[in-house]
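A.B. asks: My structure file start07.csv, CSV, C-alpha atoms, is below:
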chain,number,residue,atom,x,y,z
A,263,MET,CA,1.6,122.5,264.5
A,264,THR,CA,3.7,122.7,261.3
A,265,HIS,CA,2.4,123.9,257.9
A,266,THR,CA,2.4,120.3,256.6
A,267,ASP,CA,0.2,119.1,259.5
A,268,ALA,CA,-2.2,122.0,258.9
A,269,SER,CA,-2.4,121.2,255.2
A,270,PHE,CA,-3.0,117.5,256.0
A,271,ASP,CA,-5.8,118.4,258.5
A,272,THR,CA,-7.5,120.7,256.0
A,273,ARG,CA,-7.3,118.0,253.2
A,274,ALA,CA,-8.7,115.4,255.6
A,275,HIS,CA,-11.5,117.7,256.6
A,276,TYR,CA,-12.3,118.5,253.0
A,277,MET,CA,-12.3,114.8,252.1
A,278,ALA,CA,-14.7,114.0,255.0
A,279,LEU,CA,-17.1,116.8,253.9
A,280,MET,CA,-17.0,115.4,250.3
A,281,ALA,CA,-17.7,111.9,251.5
A,282,ARG,CA,-20.6,113.1,253.6
A,283,LYS,CA,-21.9,115.1,250.6
A,284,ARG,CA,-21.7,112.1,248.4
A,285,LEU,CA,-23.5,110.0,251.0
A,286,TYR,CA,-26.3,112.4,251.3
A,287,GLY,CA,-26.5,112.7,247.5
A,288,GLY,CA,-26.7,109.0,247.2
A,289,LEU,CA,-29.4,108.7,249.8
A,290,VAL,CA,-31.5,111.4,248.1
A,291,LEU,CA,-31.1,109.7,244.8
A,292,THR,CA,-32.1,106.3,246.3
A,293,VAL,CA,-35.2,107.8,247.8
A,294,PHE,CA,-36.1,109.6,244.5
A,295,VAL,CA,-35.7,106.4,242.5
A,296,ALA,CA,-37.7,104.4,245.0
A,297,LEU,CA,-40.5,107.0,244.9
A,298,MET,CA,-40.5,107.0,241.1
A,299,VAL,CA,-40.6,103.2,240.9
A,300,SER,CA,-43.4,102.8,243.5
A,301,GLY,CA,-45.4,105.6,241.8
A,302,PHE,CA,-45.0,103.9,238.5
A,303,VAL,CA,-46.1,100.5,239.9
A,304,LEU,CA,-49.1,102.1,241.6
A,305,ALA,CA,-50.1,104.0,238.5
A,306,ASP,CA,-49.7,100.9,236.3
A,307,ASP,CA,-51.8,98.8,238.7
A,308,ARG,CA,-54.6,101.4,238.7
A,309,ASN,CA,-54.5,101.9,235.0
A,310,ALA,CA,-57.6,100.4,233.3
A,311,GLY,CA,-55.8,98.7,230.5
A,312,GLY,CA,-52.4,98.2,232.1
A,313,PHE,CA,-49.4,100.1,230.8
A,314,TRP,CA,-47.3,97.1,229.7
A,315,SER,CA,-50.2,95.4,227.9
A,316,GLY,CA,-51.1,98.6,226.1
A,317,LEU,CA,-47.6,99.7,225.2
A,318,PRO,CA,-47.5,97.6,222.0
A,319,GLN,CA,-50.7,99.4,220.8
A,320,ILE,CA,-49.3,102.9,221.3
A,321,LEU,CA,-49.1,103.4,217.5
A,322,ASP,CA,-52.5,102.0,216.6
A,323,PHE,CA,-54.3,105.3,216.8
A,324,PRO,CA,-51.8,107.2,214.6
A,325,ALA,CA,-51.9,104.3,212.1
A,326,SER,CA,-55.7,104.5,212.0
A,327,VAL,CA,-55.6,108.2,211.3
A,328,ILE,CA,-53.1,107.8,208.5
A,329,ASP,CA,-55.0,104.9,207.0
A,330,ASP,CA,-58.3,106.8,207.1
A,331,THR,CA,-56.7,110.0,205.7
A,332,LEU,CA,-54.6,108.7,202.8
A,333,PRO,CA,-57.6,107.8,200.6
A,334,LYS,CA,-59.1,111.3,201.3
A,335,LEU,CA,-56.1,113.6,200.8
A,336,ASP,CA,-58.1,115.7,198.3
A,337,ARG,CA,-60.5,116.6,201.1
A,338,LEU,CA,-57.8,118.0,203.4
A,339,PRO,CA,-57.7,121.6,202.0
A,340,GLY,CA,-61.5,121.8,202.4
A,341,HIS,CA,-61.2,120.6,206.0
A,342,VAL,CA,-58.5,123.1,206.7
A,343,VAL,CA,-60.6,126.0,205.4
A,344,ARG,CA,-63.6,124.7,207.4
A,345,TYR,CA,-61.7,124.8,210.7
A,346,VAL,CA,-59.9,128.1,210.3
A,347,PRO,CA,-62.7,130.0,212.2
A,348,ALA,CA,-62.2,127.6,215.2
A,349,LEU,CA,-58.5,128.1,215.0
A,350,LEU,CA,-59.0,131.9,215.1
A,351,GLU,CA,-61.2,131.5,218.1
A,352,THR,CA,-58.4,129.5,219.8
A,353,VAL,CA,-55.8,132.2,218.9
A,354,ASN,CA,-58.1,134.9,220.2
A,355,ILE,CA,-58.6,133.1,223.5
A,356,ALA,CA,-54.8,132.9,223.9
A,357,ALA,CA,-54.3,136.5,222.9
A,358,VAL,CA,-56.9,138.0,225.2
A,359,SER,CA,-55.9,135.9,228.1
A,360,THR,CA,-52.2,136.7,227.6
A,361,LEU,CA,-52.9,140.4,227.4
A,362,ILE,CA,-55.1,140.5,230.5
A,363,GLY,CA,-52.7,138.2,232.4
A,364,ALA,CA,-49.7,140.2,231.4
A,365,LEU,CA,-51.2,143.5,232.6
A,366,LEU,CA,-52.3,142.0,235.9
A,367,ALA,CA,-48.9,140.2,236.3
A,368,MET,CA,-47.1,143.5,235.8
A,369,VAL,CA,-49.0,145.1,238.6
A,370,ILE,CA,-48.7,142.2,241.1
A,371,SER,CA,-45.0,141.8,240.2
A,372,LEU,CA,-44.3,145.4,241.1
A,373,LEU,CA,-46.3,145.0,244.4
A,374,SER,CA,-44.2,141.9,245.3
A,375,THR,CA,-40.7,143.2,244.5
A,376,ARG,CA,-38.5,144.4,247.3
A,377,GLY,CA,-37.5,148.1,246.9
A,378,LEU,CA,-40.4,148.8,244.6
A,379,ALA,CA,-43.5,147.5,246.5
A,380,ARG,CA,-46.2,150.0,247.4
A,381,TRP,CA,-46.8,148.1,250.7
A,382,PRO,CA,-43.6,146.3,251.7
A,383,ARG,CA,-45.3,144.4,254.5
A,384,LEU,CA,-47.8,142.8,251.9
A,385,ILE,CA,-45.0,141.4,249.7
A,386,PRO,CA,-45.4,137.8,251.1
A,387,LEU,CA,-49.2,138.0,250.5
A,388,PHE,CA,-48.8,139.0,246.9
A,389,ARG,CA,-46.2,136.3,246.3
A,390,ARG,CA,-48.4,133.6,247.8
A,391,ILE,CA,-51.2,134.8,245.5
A,392,MET,CA,-48.9,134.3,242.5
A,393,ASP,CA,-47.9,130.9,243.8
A,394,ILE,CA,-51.6,129.9,244.1
A,395,LEU,CA,-52.5,131.2,240.6
A,396,ARG,CA,-49.5,129.4,239.2
A,397,ALA,CA,-50.1,126.1,241.0
A,398,VAL,CA,-53.7,125.6,240.0
A,399,PRO,CA,-53.9,124.0,236.5
A,400,GLU,CA,-55.9,125.8,233.8
A,401,ILE,CA,-58.1,122.8,233.2
A,402,VAL,CA,-59.2,122.8,236.8
A,403,ILE,CA,-60.2,126.4,236.7
A,404,ALA,CA,-61.9,125.9,233.4
A,405,LEU,CA,-64.0,123.0,234.6
A,406,VAL,CA,-65.2,125.0,237.6
A,407,LEU,CA,-66.0,128.0,235.3
A,408,ILE,CA,-67.8,125.8,232.7
A,409,PHE,CA,-69.9,124.4,235.5
A,410,VAL,CA,-70.9,128.0,236.5
A,411,LEU,CA,-70.9,129.8,233.2
A,412,GLY,CA,-71.5,127.1,230.7
A,413,GLY,CA,-69.3,126.0,227.8
A,414,GLY,CA,-67.6,128.5,225.5
A,415,PRO,CA,-64.5,130.6,225.1
A,416,VAL,CA,-65.1,132.8,228.1
A,417,PRO,CA,-64.3,130.2,230.8
A,418,ALA,CA,-61.1,129.2,228.8
A,419,MET,CA,-60.0,132.8,228.6
A,420,ILE,CA,-60.5,133.4,232.3
A,421,ALA,CA,-58.8,130.1,233.3
A,422,ILE,CA,-55.7,130.8,231.1
A,423,ALA,CA,-55.5,134.4,232.3
A,424,PHE,CA,-55.5,133.3,235.9
A,425,HIS,CA,-52.6,130.9,235.3
A,426,THR,CA,-50.8,133.6,233.2
A,427,VAL,CA,-50.9,136.1,236.0
A,428,GLY,CA,-49.1,133.6,238.3
A,429,ALA,CA,-46.6,132.5,235.8
A,430,LEU,CA,-45.7,135.9,234.3
A,431,GLY,CA,-45.9,137.6,237.7
A,432,LYS,CA,-43.0,135.4,238.9
A,433,LEU,CA,-40.9,136.1,235.8
A,434,PHE,CA,-41.7,139.8,235.9
A,435,SER,CA,-40.8,140.1,239.6
A,436,GLU,CA,-37.3,138.6,238.9
A,437,VAL,CA,-36.9,141.1,236.1
A,438,ASN,CA,-37.9,144.0,238.4
A,439,GLU,CA,-35.2,143.0,240.9
A,440,ASN,CA,-32.5,143.9,238.4
A,441,ALA,CA,-34.0,147.3,237.6
A,442,ASP,CA,-31.9,150.4,238.4
A,443,LEU,CA,-33.4,152.3,241.3
A,444,LYS,CA,-31.8,155.6,240.6
A,445,PRO,CA,-34.6,156.8,238.3
A,446,VAL,CA,-37.1,155.8,240.9
A,447,GLU,CA,-35.3,157.7,243.6
A,448,GLY,CA,-35.1,160.7,241.4
A,449,LEU,CA,-38.8,160.7,240.7
A,450,GLN,CA,-39.5,160.2,244.4
A,451,SER,CA,-37.4,163.2,245.3
A,452,VAL,CA,-39.6,165.5,243.1
A,453,GLY,CA,-42.8,164.2,244.7
A,454,ALA,CA,-43.9,161.6,242.1
A,455,THR,CA,-46.6,159.1,243.2
A,456,TRP,CA,-45.8,155.4,243.4
A,457,LEU,CA,-47.7,154.8,240.1
A,458,GLN,CA,-45.7,157.5,238.4
A,459,ARG,CA,-42.4,156.1,239.7
A,460,MET,CA,-43.2,152.6,238.4
A,461,TRP,CA,-44.6,153.8,235.1
A,462,LEU,CA,-41.8,156.3,234.3
A,463,GLY,CA,-38.8,154.9,236.3
A,464,VAL,CA,-39.2,151.1,236.1
A,465,VAL,CA,-41.4,150.0,233.2
A,466,PRO,CA,-39.2,151.6,230.5
A,467,GLN,CA,-36.2,149.6,231.8
A,468,VAL,CA,-38.0,146.2,232.0
A,469,SER,CA,-40.5,146.5,229.1
A,470,PRO,CA,-38.3,144.6,226.6
A,471,ASN,CA,-38.1,141.6,229.0
A,472,TYR,CA,-41.8,141.9,229.8
A,473,PHE,CA,-42.6,141.7,226.1
A,474,SER,CA,-40.3,138.8,225.5
A,475,TYR,CA,-41.8,136.8,228.3
A,476,ALA,CA,-45.3,137.7,227.3
A,477,LEU,CA,-44.6,136.4,223.7
A,478,LEU,CA,-43.3,133.2,225.1
A,479,ARG,CA,-46.4,132.8,227.3
A,480,PHE,CA,-48.6,133.5,224.3
A,481,GLU,CA,-47.2,130.4,222.6
A,482,ILE,CA,-47.9,128.3,225.7
A,483,ASN,CA,-51.4,129.8,225.9
A,484,ILE,CA,-52.2,128.7,222.3
A,485,ARG,CA,-51.5,125.1,223.3
A,486,ALA,CA,-53.4,125.5,226.5
A,487,SER,CA,-56.5,127.0,224.8
A,488,ALA,CA,-56.5,124.1,222.3
A,489,ILE,CA,-56.3,121.6,225.2
A,490,LEU,CA,-59.2,123.3,227.1
A,491,GLY,CA,-61.3,122.7,224.0
A,492,PHE,CA,-61.5,119.1,225.0
A,493,VAL,CA,-63.5,120.0,228.1
A,494,GLY,CA,-66.0,122.1,226.2
A,495,ALA,CA,-64.2,125.5,226.3
A,496,GLY,CA,-64.6,126.1,222.6
A,497,GLY,CA,-62.0,126.6,219.9
A,498,ILE,CA,-60.2,124.1,217.7
A,499,GLY,CA,-59.7,121.7,220.6
A,500,TYR,CA,-63.5,121.2,220.8
A,501,GLU,CA,-63.6,120.4,217.0
A,502,LEU,CA,-60.7,118.0,217.4
A,503,LYS,CA,-62.5,116.2,220.2
A,504,ASN,CA,-65.6,115.8,218.1
A,505,ALA,CA,-63.7,114.5,215.1
A,506,MET,CA,-61.8,112.0,217.2
A,507,ALA,CA,-65.0,110.9,219.0
A,508,TRP,CA,-66.6,109.9,215.8
A,509,GLY,CA,-63.8,107.5,215.2
A,510,GLN,CA,-63.0,105.8,211.9
A,511,GLY,CA,-64.5,107.7,209.0
A,512,ARG,CA,-63.7,111.2,210.3
A,513,PHE,CA,-60.1,110.8,211.1
A,514,ASP,CA,-59.3,112.8,208.0
A,515,GLU,CA,-60.9,115.8,209.7
A,516,ALA,CA,-58.8,115.1,212.8
A,517,ALA,CA,-55.7,115.0,210.7
A,518,ALA,CA,-56.5,118.3,209.1
A,519,ILE,CA,-57.0,119.9,212.5
A,520,PHE,CA,-53.7,118.4,213.7
A,521,LEU,CA,-51.9,119.9,210.7
A,522,LEU,CA,-53.6,123.3,211.1
A,523,LEU,CA,-52.8,123.5,214.8
A,524,PHE,CA,-49.2,122.3,214.3
A,525,GLY,CA,-48.6,124.9,211.6
A,526,THR,CA,-50.1,127.7,213.7
A,527,ILE,CA,-47.9,126.8,216.6
A,528,VAL,CA,-44.8,126.7,214.4
A,529,ILE,CA,-45.6,130.0,212.8
A,530,PHE,CA,-46.2,131.8,216.1
A,531,ASP,CA,-43.1,130.2,217.6
A,532,GLN,CA,-40.9,131.4,214.7
A,533,LEU,CA,-42.5,134.9,214.8
A,534,SER,CA,-42.1,135.3,218.5
A,535,SER,CA,-38.5,134.1,218.3
A,536,HIS,CA,-37.8,136.6,215.5
A,537,VAL,CA,-39.3,139.4,217.6
A,538,ARG,CA,-37.4,138.5,220.7
A,539,ASN,CA,-34.1,138.2,218.8
A,540,ALA,CA,-34.7,141.6,217.2
A,541,MET,CA,-35.4,143.1,220.6
A,542,ILE,CA,-32.2,141.6,222.1
A,543,ALA,CA,-30.1,142.8,219.2
A,544,LYS,CA,-31.6,146.3,219.5
A,545,LYS,CA,-30.9,146.3,223.2
A,546,GLY,CA,-27.3,145.2,222.7
A,547,ASN,CA,-26.7,147.9,220.2
A,548,HIS,CA,-27.8,150.5,222.7
Would you mind writing the file out in structure tokens?

C.D. replies:
Amino acid sequence: MTHTDASFDTRAHYMALMARKRLYGGLVLTVFVALMVSGFVLADDRNAGGFWSGLPQILDFPASVIDDTLPKLDRLPGHVVRYVPALLETVNIAAVSTLIGALLAMVISLLSTRGLARWPRLIPLFRRIMDILRAVPEIVIALVLIFVLGGGPVPAMIAIAFHTVGALGKLFSEVNENADLKPVEGLQSVGATWLQRMWLGVVPQVSPNYFSYALLRFEINIRASAILGFVGAGGIGYELKNAMAWGQGRFDEAAAIFLLLFGTIVIFDQLSSHVRNAMIAKKGNH
């Protein structure tokens, strides 16, 4: 076989592989579109009001809030001050759940990282635990805990902490895999325990990334704690639910809560972004 024939066969084989790949890709895309369309049709049929019939009314609620708030703009500062304690409760729920979740995530991530795990055979178990914690929505856990413990901030804190362990555990374990093992091996050679090896050999390397991910998760948890207020878990979400439930006449209070919550999320987003950028710049300088 000449060089030209070999090149022709290679090109023909490559073209055949590409055609097969495009065919498979087209089939997957077709199945995906069919599932999306059928799911949308099913959801629209089961929707109480009908999606298409209700679509023109999508701006009715924001318009009602604006119409009810404009004549009462002078009351907004008073409403904002009134709901600051509820906002602080929401931020506290997010902060405590993030702190507890991050600490537990750090432990479980080290136990589920190859080369660092205390019990290598149990790595799949710890990873499945993280998958379960990450898969169950906070609102489901909160509803169960509210049924058991009653309403208030404690069920919300526990529910968000559970989900935070699963989410941060996954991110932390990926960070751990890039850690340099030489300090760990050196500590092991002088008889250090597993906890000492992790605390002195791994954590100093990965702590900037840990902190960055924890700050990002804190932003998410503020939103989650506000949402959980709608199911009776306390905080500013609970106040927003009550203001909206009263309807016309108290929409000015709902508008004040919206502004307060939006401003808080923006402030914490900018603050955490600034801290993360400063940490990245400091790490780059070193």

A.B. asks: Env of Arg396 of chain A: 10 Å cut, atoms = only C-alpha atoms, seq-sep filter 2 positions within chain, self excluded. Answer as a ChimeraX atom specification.

C.D. replies: /A:390-394,398-400,424-432

A.B. asks: Between A:Gly491, A:Arg485, A:Leu372, A:Met506, single out the one closest to Val416 of chain A, counting all atoms listed in the file.

C.D. replies: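 Ranked by minimum distance to Val416 of chain A, first place goes to A:Gly491.
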
A.B. asks: How many Å lie between atom CA of Val343 of chain A and atom CA of Leu522 of chain A, rounded to one decimal?

C.D. replies: 9.4 Å

A.B. asks: Rank nothing, just name the residue among A:Lys334, A:Thr375, A:Ala495, A:Val437 nearest to Gly412 of chain A, using only C-alpha atoms.

C.D. replies: A:Ala495

A.B. asks: Rounded to one decimal, what separation in Å do you get between atom CA of Leu366 of chain A and atom CA of Val468 of chain A?

C.D. replies: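 Computing the Euclidean distance for atom CA of Leu366 of chain A and atom CA of Val468 of chain A yields 15.4 Å.
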
A.B. asks: Quote the spacing between atom CA of Leu490 of chain A and atom CA of Ile401 of chain A in Å to one decimal place.

C.D. replies: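 Atom CA of Leu490 of chain A sits 6.2 Å away from atom CA of Ile401 of chain A.
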
A.B. asks: With all atoms listed in the file as the basis for distance, which of A:Leu457, A:Val493, A:Leu361, A:Ala325 is at the shortest distance from Arg479 of chain A?

C.D. replies: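 Of all the options, A:Leu361 lies closest to Arg479 of chain A.
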
A.B. asks: Taking all atoms listed in the file into account, name the residue in A:Leu395, A:Ile385, A:Leu332, A:Ala379 that is nearest to Gly363 of chain A.

C.D. replies: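 Nearest candidate to Gly363 of chain A out of A:Leu395, A:Ile385, A:Leu332, A:Ala379: A:Leu395.
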
A.B. asks: Within 10 Å of (-39.5, 157.7, 241.5) in the file's own coordinates, which protein, DNA or RNA residues have an atom, counting all atoms listed in the file? List them as an NGL selection string.

C.D. replies: :A and (378 or 443-464)

A.B. asks: I need the residue nearest Ile362 of chain A from this list: A:Ile422, A:Ile320, A:Ala540, A:Leu297. Use all atoms listed in the file for the distance.

C.D. replies: A:Ile422

A.B. asks: Would you mind telling me which residue in A:Gly494, A:Met368, A:Ser300, A:Val528 lies nearest to Leu407 of chain A when using only C-alpha atoms?

C.D. replies: A:Gly494

A.B. asks: Considering all atoms listed in the file, return as a PyMOL selection string whatever protein or nucleic-acid residues lie within 12 Å of Ile527 of chain A, sequence-local ones (same chain, fewer than 2 positions apart) excluded.

C.D. replies: chain A and resi 349+352-353+356+478+480-488+520-525+529-534
